[in-house]
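Asker: Quick one: structure below, then a few questions.
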Amino acid sequence: MPYLDFAVALADECSQYAVSQFRRHPAERKDDGTLVTATDRAIDRLILERIQHTYPGHAVLSEEQTTRYDAAAEFTWVIDPIDGTTNFARGLPVWGVSIALLQHGQPVVGLVTFPLVQEQFAAIAGLGAWRNADSIHTYIGATISDEQLLMKCTRTDRLLQIETKLKARICGSAAYHLCKVADGTALAGIEATPKVWDFAAAWLIIVEAGGVVTDWQQRPLFPLPAVSREYGAAPTPLFVAANPAIMQQLLNSVTVRQS
């Protein structure tokens with residue numbers, strides 16, 4: 001598919017640049033409290049330039065530049081130039097470039113590349129999901145045990161009380177957490193405050209691998225509402241599971257902490 005080929009080539013170009021800048025730039029805090037480096041901004045600009053040159057009629061929704069969704073556009077690229085900015089700035093290897101293509105608000109292509117751990121995840125709507133060109137599938141069992149993993153972000157335990165046998169892992173990248181559910185490494189995941197560019201590509205990868213994703217109200221995340229709106233201040237708490245049976249157990253294990 002030409003769109004996936006384009007995303008792969010673009011992510012590879014951006015990853016090579018990011019690796020060359022690894023550990024070289026401190027992170028700065030943005031107005032919304034999240035972190036950014038000069039590399040995030042440079043990659044965001046590079047991706048925008050490549051998309052505008054190759055697909056001038058397509059819109060872009062990105063973390064560092066265009067945070068407003070244009071519902072009138074048939075195609076929208078959703079970009080996170082570096083998912084895992086803190087890891088990138090502090091020298092941990094789990095970070096990646098995330099690229100998704102939406103058609104009428106629905107993901108049709110998803111690509112996330114993690115160059116330093118040498119893992120690339122991809123999906124095409126209706127055709128499946130892959131890690132490094134090998135087909136992947138979520139865990140098919142319905143039993144939760146202490147031999148299995150739950151991926152979560154650092155904010156999860158501040159907001160939620162979780163009673164589960166699953167062993168928790170925090171790797172510092174929302175997209176990586178979700179992709180690890182997609183490839184069967186983990187049974188489930190919880191991200192407390194992700195934004196659409198954090199999960200657009202990984203959402204498709206999980207769904208195509210057989211998993212399920214929902215928010216706290218158990219509503220679908222896609223398609224995006226057909227309304228032009230700002231997404232820069234719109235976190236979406238989400239729950240990810242290998243299959244519906246695991247999802248139900250996950251939701252049953254979670255309560256909101258009292259503030």
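The way I read the labels, and the way they are meant: chains A, B, ... in the order of the structure tokens, residue 1 as the first residue of every chain, and ligand 1 as the first ligand shown, with later ones counted on from there.
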Write out as a list in words each polymer residue whose atoms come within 10 Å of A:Ala72, counting only C-alpha atoms; drop sequence neighbours fewer than 3 positions from it.
Answerer: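 Contacts, with the query itself left out: Ala59, Tyr69, Phe75, Thr76, His104, Gly105, Ala226, Val227 and Ser228 of chain A.
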Asker: Write out, as an mmCIF file, in the first residue's frame, the residues just selected, with N, CA and C atoms.
Answerer:
```
data_model
loop_
_atom_site.group_PDB
_atom_site.id
_atom_site.type_symbol
_atom_site.label_atom_id
_atom_site.label_comp_id
_atom_site.auth_asym_id
_atom_site.auth_seq_id
_atom_site.Cartn_x
_atom_site.Cartn_y
_atom_site.Cartn_z
ATOM 1 N N ALA A 59 -4.536 16.716 5.284
ATOM 2 C CA ALA A 59 -4.347 17.513 6.489
ATOM 3 C C ALA A 59 -3.369 16.808 7.422
ATOM 4 N N TYR A 69 -7.833 19.550 14.646
ATOM 5 C CA TYR A 69 -8.304 18.584 13.658
ATOM 6 C C TYR A 69 -9.262 19.264 12.687
ATOM 7 N N PHE A 75 -8.476 12.980 4.312
ATOM 8 C CA PHE A 75 -7.317 12.284 4.871
ATOM 9 C C PHE A 75 -6.573 13.202 5.839
ATOM 10 N N THR A 76 -6.207 12.658 6.995
ATOM 11 C CA THR A 76 -5.441 13.395 7.998
ATOM 12 C C THR A 76 -4.325 12.500 8.533
ATOM 13 N N HIS A 104 -11.560 10.088 6.925
ATOM 14 C CA HIS A 104 -12.806 10.488 7.581
ATOM 15 C C HIS A 104 -12.763 10.160 9.069
ATOM 16 N N GLY A 105 -11.620 10.405 9.698
ATOM 17 C CA GLY A 105 -11.483 10.233 11.133
ATOM 18 C C GLY A 105 -11.185 8.823 11.598
ATOM 19 N N ALA A 226 -16.900 14.006 13.673
ATOM 20 C CA ALA A 226 -16.811 14.807 12.452
ATOM 21 C C ALA A 226 -17.015 16.284 12.761
ATOM 22 N N VAL A 227 -16.199 16.773 13.681
ATOM 23 C CA VAL A 227 -16.263 18.170 14.126
ATOM 24 C C VAL A 227 -14.841 18.696 14.211
ATOM 25 N N SER A 228 -14.581 19.818 13.605
ATOM 26 C CA SER A 228 -13.257 20.421 13.712
ATOM 27 C C SER A 228 -13.060 20.920 15.142
#
```
Asker: I'd like the contact shell of A:Pro220 - 12 Å cut-off, only C-alpha atoms, skipping same-chain residues fewer than 5 positions apart - returned as an MDAnalysis selection string.
Answerer: chainID A and resid 106 203 207 212:215 225 236:240
Asker: Near stretch 36-40 of chain A, counting only C-alpha atoms, which residues have an atom at most 6 Å away, once you skip same-chain residues fewer than 5 positions from it, shown as a PyMOL selection string?
Answerer: chain A and resi 27-28+81-82
Asker: I want to know what sits within 12 Å of A:Leu46, based on only C-alpha atoms, with residues of the same chain fewer than 3 positions away left out; could you give that as a list in words?
Answerer: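 After dropping sequence-adjacent residues, the list is Leu10, Ala11, Glu13, Cys14, Ser15, Tyr17, Ala18, Thr39, Asp40, Arg41, Ala42, Ile43, Glu49, Arg50, Ile51, Gln52, His53, Ser62, Glu64, Gln65, Ile79 and Pro81 of chain A.
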Asker: May I have the selected residues written with N, CA, C and O atoms, as a compact mmCIF listing (two decimals), in the first residue's frame?
Answerer:
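File selection.txt, as written:
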```txt
# COMPACT_ATOMS: atom_id res chain seq x y z
N LEU A 10 9.25 7.57 5.68
CA LEU A 10 9.30 8.80 6.46
C LEU A 10 9.77 8.52 7.89
O LEU A 10 10.62 9.24 8.44
N ALA A 11 9.23 7.48 8.50
CA ALA A 11 9.64 7.13 9.86
C ALA A 11 11.11 6.73 9.91
O ALA A 11 11.82 7.07 10.87
N GLU A 13 13.49 7.83 7.92
CA GLU A 13 14.27 9.06 7.79
C GLU A 13 14.31 9.82 9.12
O GLU A 13 15.37 10.28 9.57
N CYS A 14 13.16 9.93 9.75
CA CYS A 14 13.07 10.65 11.02
C CYS A 14 13.82 9.92 12.12
O CYS A 14 14.46 10.56 12.98
N SER A 15 13.76 8.60 12.12
CA SER A 15 14.46 7.82 13.15
C SER A 15 15.96 8.00 13.04
O SER A 15 16.66 8.12 14.05
N TYR A 17 17.53 10.57 11.92
CA TYR A 17 17.87 11.89 12.45
C TYR A 17 17.78 11.89 13.98
O TYR A 17 18.67 12.42 14.66
N ALA A 18 16.74 11.29 14.53
CA ALA A 18 16.57 11.27 15.98
C ALA A 18 17.72 10.55 16.67
O ALA A 18 18.22 11.00 17.71
N THR A 39 14.61 18.21 18.98
CA THR A 39 14.47 17.12 18.01
C THR A 39 13.01 16.85 17.71
O THR A 39 12.64 16.60 16.55
N ASP A 40 12.15 16.87 18.74
CA ASP A 40 10.71 16.74 18.50
C ASP A 40 10.24 17.75 17.47
O ASP A 40 9.53 17.41 16.51
N ARG A 41 10.63 19.00 17.68
CA ARG A 41 10.16 20.07 16.79
C ARG A 41 10.73 19.93 15.39
O ARG A 41 10.03 20.15 14.39
N ALA A 42 12.00 19.54 15.28
CA ALA A 42 12.62 19.39 13.97
C ALA A 42 11.96 18.26 13.18
O ALA A 42 11.69 18.39 11.98
N ILE A 43 11.68 17.15 13.85
CA ILE A 43 11.04 16.02 13.16
C ILE A 43 9.62 16.37 12.77
O ILE A 43 9.15 16.01 11.68
N GLU A 49 6.65 18.85 6.10
CA GLU A 49 7.16 19.19 4.77
C GLU A 49 7.01 18.02 3.81
O GLU A 49 6.59 18.20 2.66
N ARG A 50 7.32 16.82 4.25
CA ARG A 50 7.23 15.65 3.38
C ARG A 50 5.78 15.36 2.99
O ARG A 50 5.49 15.02 1.83
N ILE A 51 4.87 15.49 3.94
CA ILE A 51 3.45 15.23 3.64
C ILE A 51 2.91 16.29 2.69
O ILE A 51 2.21 15.96 1.71
N GLN A 52 3.23 17.54 2.93
CA GLN A 52 2.72 18.61 2.06
C GLN A 52 3.25 18.47 0.64
O GLN A 52 2.55 18.82 -0.31
N HIS A 53 4.48 17.96 0.49
CA HIS A 53 5.05 17.78 -0.85
C HIS A 53 4.42 16.59 -1.56
O HIS A 53 4.10 16.66 -2.75
N SER A 62 -0.69 17.15 14.54
CA SER A 62 0.59 16.76 15.13
C SER A 62 0.77 17.39 16.50
O SER A 62 0.17 18.42 16.82
N GLU A 64 3.39 18.89 17.89
CA GLU A 64 4.19 20.09 18.07
C GLU A 64 3.79 21.28 17.20
O GLU A 64 4.28 22.38 17.42
N GLN A 65 2.91 21.08 16.21
CA GLN A 65 2.55 22.19 15.34
C GLN A 65 1.04 22.35 15.16
O GLN A 65 0.45 23.31 15.66
N ILE A 79 0.51 12.68 13.83
CA ILE A 79 1.95 12.54 14.03
C ILE A 79 2.36 12.79 15.48
O ILE A 79 1.98 13.78 16.08
N PRO A 81 6.12 13.09 16.77
CA PRO A 81 7.49 13.01 16.26
C PRO A 81 8.41 12.16 17.13
O PRO A 81 9.27 11.45 16.61
```
Asker: Just want the 10 Å neighbourhood of A:Gln258, counted on only C-alpha atoms, with same-chain residues fewer than 6 positions away dropped. Output as a list in words.
Answerer: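 Surrounding residues, per the criterion: Arg158, Leu159, Leu160 and Gln161 of chain A.
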Asker: Mind checking which residues fall within 7 Å of A:Gly110, counting only C-alpha atoms, ignoring those fewer than 3 positions away in the same chain, and posting them as a short mmCIF file (atom, residue, chain, number, x, y, z; two decimals) with all heavy atoms, in the first residue's frame?
Answerer:
```
data_model
loop_
_atom_site.label_atom_id
_atom_site.label_comp_id
_atom_site.auth_asym_id
_atom_site.auth_seq_id
_atom_site.Cartn_x
_atom_site.Cartn_y
_atom_site.Cartn_z
N ILE A 99 3.27 7.45 13.30
CA ILE A 99 2.60 8.05 12.14
C ILE A 99 1.33 7.25 11.85
O ILE A 99 1.38 6.03 11.68
CB ILE A 99 3.51 8.03 10.90
CG1 ILE A 99 4.81 8.81 11.17
CG2 ILE A 99 2.78 8.60 9.68
CD1 ILE A 99 5.83 8.71 10.04
N ALA A 100 0.20 7.94 11.79
CA ALA A 100 -1.07 7.30 11.43
C ALA A 100 -1.73 8.10 10.32
O ALA A 100 -1.57 9.32 10.24
CB ALA A 100 -2.00 7.21 12.63
N LEU A 101 -2.48 7.40 9.49
CA LEU A 101 -3.30 8.07 8.48
C LEU A 101 -4.76 7.77 8.76
O LEU A 101 -5.16 6.60 8.85
CB LEU A 101 -2.93 7.59 7.08
CG LEU A 101 -3.79 8.18 5.94
CD1 LEU A 101 -3.64 9.69 5.87
CD2 LEU A 101 -3.42 7.52 4.60
N ALA A 122 3.49 -2.07 12.40
CA ALA A 122 2.70 -1.49 11.32
C ALA A 122 1.36 -2.20 11.22
O ALA A 122 1.21 -3.35 11.64
CB ALA A 122 3.45 -1.62 9.99
N ALA A 123 0.38 -1.48 10.68
CA ALA A 123 -0.93 -2.08 10.45
C ALA A 123 -1.62 -1.37 9.30
O ALA A 123 -1.42 -0.17 9.08
CB ALA A 123 -1.80 -2.01 11.70
N ILE A 124 -2.44 -2.13 8.58
CA ILE A 124 -3.33 -1.59 7.55
C ILE A 124 -4.73 -2.08 7.89
O ILE A 124 -4.92 -3.28 8.16
CB ILE A 124 -2.93 -2.05 6.15
CG1 ILE A 124 -1.52 -1.57 5.80
CG2 ILE A 124 -3.92 -1.55 5.10
CD1 ILE A 124 -0.99 -2.12 4.48
N ALA A 201 -1.79 5.63 15.79
CA ALA A 201 -1.17 4.53 15.05
C ALA A 201 -1.25 3.23 15.84
O ALA A 201 -1.60 2.18 15.29
CB ALA A 201 0.30 4.87 14.75
N ALA A 202 -0.93 3.28 17.14
CA ALA A 202 -0.94 2.07 17.96
C ALA A 202 -2.35 1.49 18.10
O ALA A 202 -2.51 0.28 18.22
CB ALA A 202 -0.34 2.37 19.33
N LEU A 204 -4.65 1.29 15.79
CA LEU A 204 -4.90 0.43 14.64
C LEU A 204 -4.08 -0.86 14.74
O LEU A 204 -4.57 -1.94 14.41
CB LEU A 204 -4.57 1.16 13.35
CG LEU A 204 -4.86 0.38 12.05
CD1 LEU A 204 -6.35 0.06 11.94
CD2 LEU A 204 -4.39 1.17 10.83
N ILE A 205 -2.86 -0.76 15.22
CA ILE A 205 -2.01 -1.93 15.36
C ILE A 205 -2.64 -2.92 16.34
O ILE A 205 -2.68 -4.13 16.08
CB ILE A 205 -0.59 -1.51 15.81
CG1 ILE A 205 0.09 -0.71 14.69
CG2 ILE A 205 0.25 -2.72 16.19
CD1 ILE A 205 1.31 0.07 15.13
#
```
Asker: Taking only stretch 29-237 of chain A into account, list the residues labelled alpha helix (DSSP H) by DSSP (computed from the backbone), as a PDB file with C-alpha atoms, in the first residue's frame.
Answerer:
```pdb
ATOM      1  CA  ALA A  38      14.492  20.529  19.715  1.00  0.00           C
ATOM      2  CA  THR A  39      14.467  17.121  18.010  1.00  0.00           C
ATOM      3  CA  ASP A  40      10.711  16.737  18.501  1.00  0.00           C
ATOM      4  CA  ARG A  41      10.160  20.072  16.793  1.00  0.00           C
ATOM      5  CA  ALA A  42      12.617  19.393  13.967  1.00  0.00           C
ATOM      6  CA  ILE A  43      11.044  16.018  13.158  1.00  0.00           C
ATOM      7  CA  ASP A  44       7.551  17.490  13.310  1.00  0.00           C
ATOM      8  CA  ARG A  45       8.572  20.112  10.742  1.00  0.00           C
ATOM      9  CA  LEU A  46      10.265  17.507   8.544  1.00  0.00           C
ATOM     10  CA  ILE A  47       7.196  15.263   8.518  1.00  0.00           C
ATOM     11  CA  LEU A  48       4.923  18.188   7.688  1.00  0.00           C
ATOM     12  CA  GLU A  49       7.164  19.188   4.773  1.00  0.00           C
ATOM     13  CA  ARG A  50       7.233  15.648   3.376  1.00  0.00           C
ATOM     14  CA  ILE A  51       3.455  15.229   3.636  1.00  0.00           C
ATOM     15  CA  GLN A  52       2.720  18.608   2.060  1.00  0.00           C
ATOM     16  CA  HIS A  53       5.054  17.778  -0.847  1.00  0.00           C
ATOM     17  CA  THR A  54       3.743  14.242  -1.451  1.00  0.00           C
ATOM     18  CA  THR A  85      10.349  12.359  24.944  1.00  0.00           C
ATOM     19  CA  THR A  86      11.573  12.006  28.548  1.00  0.00           C
ATOM     20  CA  ASN A  87      13.288   8.725  27.681  1.00  0.00           C
ATOM     21  CA  PHE A  88      14.817  10.342  24.591  1.00  0.00           C
ATOM     22  CA  ALA A  89      16.144  13.318  26.553  1.00  0.00           C
ATOM     23  CA  ARG A  90      17.452  11.292  29.500  1.00  0.00           C
ATOM     24  CA  THR A 156      -1.942   5.703  36.148  1.00  0.00           C
ATOM     25  CA  ASP A 157      -1.469   4.996  39.851  1.00  0.00           C
ATOM     26  CA  ARG A 158      -2.052   8.645  40.768  1.00  0.00           C
ATOM     27  CA  LEU A 159      -5.524   8.527  39.241  1.00  0.00           C
ATOM     28  CA  ALA A 174       2.434   5.158  25.404  1.00  0.00           C
ATOM     29  CA  ALA A 175       2.798   3.828  21.863  1.00  0.00           C
ATOM     30  CA  TYR A 176       5.293   1.191  22.985  1.00  0.00           C
ATOM     31  CA  HIS A 177       3.012   0.076  25.809  1.00  0.00           C
ATOM     32  CA  LEU A 178       0.142  -0.376  23.357  1.00  0.00           C
ATOM     33  CA  CYS A 179       2.287  -2.175  20.793  1.00  0.00           C
ATOM     34  CA  LYS A 180       3.446  -4.621  23.468  1.00  0.00           C
ATOM     35  CA  VAL A 181      -0.183  -5.600  24.014  1.00  0.00           C
ATOM     36  CA  ALA A 182      -0.580  -5.979  20.258  1.00  0.00           C
ATOM     37  CA  VAL A 196      -4.689  11.371  20.002  1.00  0.00           C
ATOM     38  CA  TRP A 197      -1.192  11.503  18.442  1.00  0.00           C
ATOM     39  CA  ASP A 198       0.076   9.195  21.216  1.00  0.00           C
ATOM     40  CA  PHE A 199      -2.268   6.369  20.265  1.00  0.00           C
ATOM     41  CA  ALA A 200      -3.688   6.841  16.738  1.00  0.00           C
ATOM     42  CA  ALA A 201      -1.165   4.533  15.054  1.00  0.00           C
ATOM     43  CA  ALA A 202      -0.942   2.072  17.956  1.00  0.00           C
ATOM     44  CA  TRP A 203      -4.756   1.856  18.152  1.00  0.00           C
ATOM     45  CA  LEU A 204      -4.901   0.426  14.642  1.00  0.00           C
ATOM     46  CA  ILE A 205      -2.005  -1.930  15.364  1.00  0.00           C
ATOM     47  CA  ILE A 206      -3.807  -3.318  18.424  1.00  0.00           C
ATOM     48  CA  VAL A 207      -7.162  -3.676  16.693  1.00  0.00           C
ATOM     49  CA  GLU A 208      -5.645  -5.384  13.655  1.00  0.00           C
TER      50      GLU A 208
END
```
Asker: Mind giving me the straight-line distance from atom CA of A:Asn252 to atom CA of A:Pro223 in Å, one decimal?
Answerer: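 Spanning atom CA of A:Asn252 to atom CA of A:Pro223 is a straight-line distance of 25.7 Å.
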Asker: Determine which residues of stretch 3-206 of chain A receive a DSSP assignment of strand (DSSP E or B), computed from the backbone, and state them as a ChimeraX atom specification.
Answerer: /A:28-29,35-36,59-62,68-69,75-83,96-103,106-114,119-124,128-131,134-135,149-152,160-162,167-169,188-191
